[in-house]
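Here is the structure we will look at.
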Amino acid sequence: MARAKGDWLVVAALLFSASPASAAVQAASPSHIALAYEVELAGAPAEAWQNLTQISSWWSSDHTYSGQAKNLRLDVQPGGCWCETWAGGGVEHARVVMAMPGKVLRIEGGFGPLQGMAVQATMTFTLKPATQADKTKLQVTYLVNGSAESKLDGLAAPIDGVLATQLGRLAALSR
């Protein structure tokens, strides 16, 4: 996770080009980023929820502090932790603020370089039945707000690329 800003841009560009997640940077300014994604997952919303909440099975080890996604866990209840622990360390990536199984998961937290920037970041995962009975539509929004000095507009593309790739991994997991 300790990459230079330029490295994030290169990594994000490579990862985004391979991602099946439909994504768009909705807004980017020095003090605000709004990202939105939509992917189709296999299974009804209850099954898709199980896959979504097992983050260690779809989050890339390349985007962890420990280098191993198996160290990730998500306690799916209000106040629950999206955490990563390993021998000699640990990090809280985000905190659950809403959990409605099969419907909505909302977390607050700045991932990666955002964590040390004193920003407010909220990610919402919304699951809805797709037109096919054995599919679920997953909509994800990530809203990040900070001061103008945060220069968030320079991070929009790399964050978009990383998140789009993660969601593509989730979609591939459930096929």
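Labeling convention for the structure tokens: chains A, B, ... as they appear, residues from 1 per chain, ligands from 1 in order of appearance.
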Hey, what's within 8 Å of segment 76-87 of chain A if we count only C-alpha atoms and toss same-chain stuff fewer than 2 positions away? As a tab-separated table (two decimals) with C-alpha atoms, in the first residue's frame, please?
chain	number	residue	atom	x	y	z
A	53	THR	CA	-19.27	-10.09	2.76
A	64	THR	CA	-3.57	-5.09	1.27
A	65	TYR	CA	-0.99	-3.93	3.78
A	66	SER	CA	0.05	-7.48	4.63
A	71	ASN	CA	-5.84	-11.52	6.54
A	72	LEU	CA	-8.99	-9.49	5.77
A	73	ARG	CA	-12.23	-9.87	7.69
A	74	LEU	CA	-15.55	-8.08	7.79
A	89	GLY	CA	0.35	-5.36	12.80
A	90	GLY	CA	-3.14	-4.54	11.74
A	91	VAL	CA	-5.35	-1.88	10.17
A	92	GLU	CA	-8.99	-0.89	10.22
A	93	HIS	CA	-9.84	-0.11	6.60
A	94	ALA	CA	-13.48	0.82	7.28
A	95	ARG	CA	-16.32	0.54	9.77
A	96	VAL	CA	-19.81	-0.81	9.01
A	97	VAL	CA	-22.53	1.80	9.53
A	98	MET	CA	-25.43	-0.11	7.90
A	99	ALA	CA	-25.99	-3.82	7.32
Just want the 12 Å neighbourhood of segment 166-174 of chain A, counted on only C-alpha atoms, with same-chain residues fewer than 4 positions away dropped. Output as a PDB file with N, CA and C atoms, in the first residue's frame.
ATOM      1  N   ALA A  12      -3.387   1.643 -11.481  1.00  0.00           N
ATOM      2  CA  ALA A  12      -4.818   1.800 -11.724  1.00  0.00           C
ATOM      3  C   ALA A  12      -5.141   1.709 -13.200  1.00  0.00           C
ATOM      4  N   LEU A  15      -4.993  -1.981 -14.152  1.00  0.00           N
ATOM      5  CA  LEU A  15      -6.067  -2.766 -13.561  1.00  0.00           C
ATOM      6  C   LEU A  15      -7.423  -2.408 -14.139  1.00  0.00           C
ATOM      7  N   PHE A  16      -7.672  -1.123 -14.355  1.00  0.00           N
ATOM      8  CA  PHE A  16      -8.974  -0.698 -14.835  1.00  0.00           C
ATOM      9  C   PHE A  16      -9.259  -1.254 -16.219  1.00  0.00           C
ATOM     10  N   SER A  17      -8.238  -1.340 -17.057  1.00  0.00           N
ATOM     11  CA  SER A  17      -8.444  -1.800 -18.419  1.00  0.00           C
ATOM     12  C   SER A  17      -8.887  -3.262 -18.459  1.00  0.00           C
ATOM     13  N   ALA A  18      -8.643  -4.033 -17.401  1.00  0.00           N
ATOM     14  CA  ALA A  18      -9.002  -5.445 -17.379  1.00  0.00           C
ATOM     15  C   ALA A  18     -10.287  -5.717 -16.603  1.00  0.00           C
ATOM     16  N   SER A  19     -10.949  -4.695 -16.130  1.00  0.00           N
ATOM     17  CA  SER A  19     -12.076  -4.901 -15.235  1.00  0.00           C
ATOM     18  C   SER A  19     -13.416  -4.945 -15.958  1.00  0.00           C
ATOM     19  N   PRO A  20     -14.286  -5.921 -15.620  1.00  0.00           N
ATOM     20  CA  PRO A  20     -15.609  -5.976 -16.221  1.00  0.00           C
ATOM     21  C   PRO A  20     -16.626  -5.081 -15.518  1.00  0.00           C
ATOM     22  N   ALA A  21     -16.246  -4.419 -14.444  1.00  0.00           N
ATOM     23  CA  ALA A  21     -17.186  -3.572 -13.712  1.00  0.00           C
ATOM     24  C   ALA A  21     -17.478  -2.319 -14.514  1.00  0.00           C
ATOM     25  N   SER A  22     -18.767  -1.987 -14.625  1.00  0.00           N
ATOM     26  CA  SER A  22     -19.162  -0.738 -15.246  1.00  0.00           C
ATOM     27  C   SER A  22     -18.925   0.354 -14.218  1.00  0.00           C
ATOM     28  N   ALA A  23     -18.083   1.338 -14.580  1.00  0.00           N
ATOM     29  CA  ALA A  23     -17.720   2.354 -13.599  1.00  0.00           C
ATOM     30  C   ALA A  23     -17.681   3.726 -14.234  1.00  0.00           C
ATOM     31  N   ALA A  36     -19.128   5.608  -9.019  1.00  0.00           N
ATOM     32  CA  ALA A  36     -20.293   4.726  -9.070  1.00  0.00           C
ATOM     33  C   ALA A  36     -19.981   3.533  -9.964  1.00  0.00           C
ATOM     34  N   TYR A  37     -20.459   2.379  -9.553  1.00  0.00           N
ATOM     35  CA  TYR A  37     -20.199   1.126 -10.255  1.00  0.00           C
ATOM     36  C   TYR A  37     -21.474   0.305 -10.303  1.00  0.00           C
ATOM     37  N   GLU A  38     -21.547  -0.554 -11.309  1.00  0.00           N
ATOM     38  CA  GLU A  38     -22.631  -1.528 -11.370  1.00  0.00           C
ATOM     39  C   GLU A  38     -22.068  -2.812 -11.969  1.00  0.00           C
ATOM     40  N   VAL A  39     -22.281  -3.916 -11.261  1.00  0.00           N
ATOM     41  CA  VAL A  39     -21.859  -5.227 -11.749  1.00  0.00           C
ATOM     42  C   VAL A  39     -22.994  -6.214 -11.525  1.00  0.00           C
ATOM     43  N   GLU A  40     -22.988  -7.254 -12.313  1.00  0.00           N
ATOM     44  CA  GLU A  40     -23.970  -8.319 -12.141  1.00  0.00           C
ATOM     45  C   GLU A  40     -23.274  -9.493 -11.464  1.00  0.00           C
ATOM     46  N   LEU A  41     -23.919  -9.993 -10.427  1.00  0.00           N
ATOM     47  CA  LEU A  41     -23.390 -11.124  -9.676  1.00  0.00           C
ATOM     48  C   LEU A  41     -24.282 -12.332  -9.897  1.00  0.00           C
ATOM     49  N   ALA A  42     -23.708 -13.507  -9.858  1.00  0.00           N
ATOM     50  CA  ALA A  42     -24.480 -14.739  -9.960  1.00  0.00           C
ATOM     51  C   ALA A  42     -25.228 -14.964  -8.650  1.00  0.00           C
ATOM     52  N   GLY A  43     -26.385 -15.567  -8.760  1.00  0.00           N
ATOM     53  CA  GLY A  43     -27.164 -15.909  -7.578  1.00  0.00           C
ATOM     54  C   GLY A  43     -28.153 -14.829  -7.181  1.00  0.00           C
ATOM     55  N   ALA A  44     -29.094 -15.233  -6.361  1.00  0.00           N
ATOM     56  CA  ALA A  44     -30.080 -14.307  -5.805  1.00  0.00           C
ATOM     57  C   ALA A  44     -29.376 -13.393  -4.807  1.00  0.00           C
ATOM     58  N   PRO A  45     -30.010 -12.289  -4.387  1.00  0.00           N
ATOM     59  CA  PRO A  45     -29.370 -11.361  -3.461  1.00  0.00           C
ATOM     60  C   PRO A  45     -28.802 -12.002  -2.188  1.00  0.00           C
ATOM     61  N   GLU A  47     -27.443 -14.981  -1.825  1.00  0.00           N
ATOM     62  CA  GLU A  47     -26.178 -15.626  -2.193  1.00  0.00           C
ATOM     63  C   GLU A  47     -25.123 -14.570  -2.530  1.00  0.00           C
ATOM     64  N   ALA A  48     -25.521 -13.539  -3.257  1.00  0.00           N
ATOM     65  CA  ALA A  48     -24.599 -12.463  -3.610  1.00  0.00           C
ATOM     66  C   ALA A  48     -24.081 -11.768  -2.342  1.00  0.00           C
ATOM     67  N   TRP A  49     -24.969 -11.612  -1.342  1.00  0.00           N
ATOM     68  CA  TRP A  49     -24.568 -11.007  -0.066  1.00  0.00           C
ATOM     69  C   TRP A  49     -23.469 -11.826   0.598  1.00  0.00           C
ATOM     70  N   GLN A  50     -23.631 -13.149   0.587  1.00  0.00           N
ATOM     71  CA  GLN A  50     -22.614 -14.018   1.188  1.00  0.00           C
ATOM     72  C   GLN A  50     -21.263 -13.833   0.511  1.00  0.00           C
ATOM     73  N   ASN A  51     -21.276 -13.770  -0.820  1.00  0.00           N
ATOM     74  CA  ASN A  51     -20.019 -13.550  -1.553  1.00  0.00           C
ATOM     75  C   ASN A  51     -19.442 -12.170  -1.247  1.00  0.00           C
ATOM     76  N   LEU A  52     -20.282 -11.144  -1.229  1.00  0.00           N
ATOM     77  CA  LEU A  52     -19.835  -9.784  -0.961  1.00  0.00           C
ATOM     78  C   LEU A  52     -19.169  -9.670   0.406  1.00  0.00           C
ATOM     79  N   THR A  53     -19.757 -10.260   1.395  1.00  0.00           N
ATOM     80  CA  THR A  53     -19.266 -10.090   2.761  1.00  0.00           C
ATOM     81  C   THR A  53     -18.070 -10.983   3.104  1.00  0.00           C
ATOM     82  N   GLN A  54     -17.708 -11.885   2.230  1.00  0.00           N
ATOM     83  CA  GLN A  54     -16.496 -12.703   2.401  1.00  0.00           C
ATOM     84  C   GLN A  54     -15.349 -12.033   1.646  1.00  0.00           C
ATOM     85  N   ILE A  55     -14.948 -10.850   2.108  1.00  0.00           N
ATOM     86  CA  ILE A  55     -14.010 -10.015   1.352  1.00  0.00           C
ATOM     87  C   ILE A  55     -12.666 -10.676   1.079  1.00  0.00           C
ATOM     88  N   SER A  56     -12.241 -11.557   1.947  1.00  0.00           N
ATOM     89  CA  SER A  56     -10.935 -12.201   1.731  1.00  0.00           C
ATOM     90  C   SER A  56     -10.946 -13.106   0.504  1.00  0.00           C
ATOM     91  N   SER A  57     -12.130 -13.466   0.014  1.00  0.00           N
ATOM     92  CA  SER A  57     -12.209 -14.331  -1.157  1.00  0.00           C
ATOM     93  C   SER A  57     -12.177 -13.560  -2.477  1.00  0.00           C
ATOM     94  N   TRP A  58     -12.393 -12.247  -2.451  1.00  0.00           N
ATOM     95  CA  TRP A  58     -12.386 -11.490  -3.709  1.00  0.00           C
ATOM     96  C   TRP A  58     -11.491 -10.258  -3.718  1.00  0.00           C
ATOM     97  N   TRP A  59     -11.097  -9.757  -2.571  1.00  0.00           N
ATOM     98  CA  TRP A  59     -10.219  -8.586  -2.555  1.00  0.00           C
ATOM     99  C   TRP A  59      -8.806  -9.028  -2.914  1.00  0.00           C
ATOM    100  N   SER A  60      -8.126  -8.298  -3.755  1.00  0.00           N
ATOM    101  CA  SER A  60      -6.791  -8.667  -4.214  1.00  0.00           C
ATOM    102  C   SER A  60      -5.739  -8.484  -3.119  1.00  0.00           C
ATOM    103  N   SER A  61      -4.882  -9.467  -2.979  1.00  0.00           N
ATOM    104  CA  SER A  61      -3.770  -9.370  -2.034  1.00  0.00           C
ATOM    105  C   SER A  61      -2.846  -8.196  -2.372  1.00  0.00           C
ATOM    106  N   ASP A  62      -2.826  -7.803  -3.650  1.00  0.00           N
ATOM    107  CA  ASP A  62      -1.995  -6.678  -4.076  1.00  0.00           C
ATOM    108  C   ASP A  62      -2.417  -5.364  -3.434  1.00  0.00           C
ATOM    109  N   HIS A  63      -3.624  -5.312  -2.925  1.00  0.00           N
ATOM    110  CA  HIS A  63      -4.148  -4.079  -2.328  1.00  0.00           C
ATOM    111  C   HIS A  63      -4.468  -4.283  -0.854  1.00  0.00           C
ATOM    112  N   THR A  64      -3.519  -4.928  -0.176  1.00  0.00           N
ATOM    113  CA  THR A  64      -3.575  -5.094   1.275  1.00  0.00           C
ATOM    114  C   THR A  64      -2.238  -4.629   1.843  1.00  0.00           C
ATOM    115  N   ALA A  69      -4.680 -11.318   1.162  1.00  0.00           N
ATOM    116  CA  ALA A  69      -6.112 -11.062   1.355  1.00  0.00           C
ATOM    117  C   ALA A  69      -6.711 -11.958   2.433  1.00  0.00           C
ATOM    118  N   PHE A 125     -22.908  -0.445  -0.831  1.00  0.00           N
ATOM    119  CA  PHE A 125     -23.165  -1.582  -1.715  1.00  0.00           C
ATOM    120  C   PHE A 125     -24.666  -1.845  -1.665  1.00  0.00           C
ATOM    121  N   ASP A 134     -31.654 -15.800 -11.344  1.00  0.00           N
ATOM    122  CA  ASP A 134     -30.424 -16.311 -10.729  1.00  0.00           C
ATOM    123  C   ASP A 134     -29.286 -15.290 -10.749  1.00  0.00           C
ATOM    124  N   LYS A 135     -29.630 -14.009 -10.872  1.00  0.00           N
ATOM    125  CA  LYS A 135     -28.623 -12.942 -10.920  1.00  0.00           C
ATOM    126  C   LYS A 135     -29.011 -11.822  -9.956  1.00  0.00           C
ATOM    127  N   THR A 136     -28.002 -11.051  -9.557  1.00  0.00           N
ATOM    128  CA  THR A 136     -28.210  -9.891  -8.682  1.00  0.00           C
ATOM    129  C   THR A 136     -27.449  -8.710  -9.256  1.00  0.00           C
ATOM    130  N   LYS A 137     -28.091  -7.557  -9.229  1.00  0.00           N
ATOM    131  CA  LYS A 137     -27.435  -6.321  -9.644  1.00  0.00           C
ATOM    132  C   LYS A 137     -26.813  -5.693  -8.405  1.00  0.00           C
ATOM    133  N   LEU A 138     -25.513  -5.434  -8.467  1.00  0.00           N
ATOM    134  CA  LEU A 138     -24.804  -4.774  -7.380  1.00  0.00           C
ATOM    135  C   LEU A 138     -24.449  -3.366  -7.831  1.00  0.00           C
ATOM    136  N   GLN A 139     -24.940  -2.387  -7.088  1.00  0.00           N
ATOM    137  CA  GLN A 139     -24.580  -0.990  -7.338  1.00  0.00           C
ATOM    138  C   GLN A 139     -23.720  -0.529  -6.167  1.00  0.00           C
ATOM    139  N   VAL A 140     -22.617   0.134  -6.485  1.00  0.00           N
ATOM    140  CA  VAL A 140     -21.682   0.592  -5.464  1.00  0.00           C
ATOM    141  C   VAL A 140     -21.390   2.073  -5.701  1.00  0.00           C
ATOM    142  N   THR A 141     -21.466   2.848  -4.627  1.00  0.00           N
ATOM    143  CA  THR A 141     -21.035   4.241  -4.692  1.00  0.00           C
ATOM    144  C   THR A 141     -19.948   4.452  -3.646  1.00  0.00           C
ATOM    145  N   ILE A 159      -8.047   5.463  -7.673  1.00  0.00           N
ATOM    146  CA  ILE A 159      -9.007   4.814  -6.766  1.00  0.00           C
ATOM    147  C   ILE A 159     -10.082   4.110  -7.580  1.00  0.00           C
ATOM    148  N   ASP A 160     -10.559   4.772  -8.622  1.00  0.00           N
ATOM    149  CA  ASP A 160     -11.546   4.178  -9.518  1.00  0.00           C
ATOM    150  C   ASP A 160     -11.020   2.868 -10.098  1.00  0.00           C
ATOM    151  N   GLY A 161      -9.783   2.879 -10.570  1.00  0.00           N
ATOM    152  CA  GLY A 161      -9.218   1.669 -11.161  1.00  0.00           C
ATOM    153  C   GLY A 161      -9.114   0.520 -10.182  1.00  0.00           C
ATOM    154  N   VAL A 162      -8.669   0.815  -8.972  1.00  0.00           N
ATOM    155  CA  VAL A 162      -8.526  -0.234  -7.959  1.00  0.00           C
ATOM    156  C   VAL A 162      -9.898  -0.792  -7.577  1.00  0.00           C
TER     157      VAL A 162
END
**Prompt:** If you run DSSP on the backbone, which residues of segment 55-95 of chain A are strand (DSSP E or B), as a ChimeraX atom specification?
**Reply:** /A:72-74,81-86,89-95
**Request:** Please give the complete set of residues from chain A that DSSP, run on the backbone, assigns to helix (DSSP H, G or I), formatted as a count of residues only.
**Result:** 60
**Request:** Find the residue from A:Ala164, A:Leu152, A:Ala46, A:Met123 that sits nearest to Lys103 of chain A; use only C-alpha atoms when measuring.
**Result:** A:Ala46
**Request:** Could you check which of A:Asp153, A:Leu35, A:Gly88, A:Ala148 is closest to Thr124 of chain A, using only C-alpha atoms?
**Result:** A:Leu35
**Neighbour list for Ala121 of chain A as a ChimeraX atom specification, cut-off 10 Å, only C-alpha atoms, skip fewer than 2 positions in-chain** = /A:32-34,94,107-111,114-115,118-119,123,142-146
**Request:** Have a look at atom CA of Leu105 of chain A and atom CA of Gln120 of chain A and let me know their distance in Å, one decimal.
**Result:**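 According to the coordinates, atom CA of Leu105 of chain A and atom CA of Gln120 of chain A are separated by 17.0 Å.
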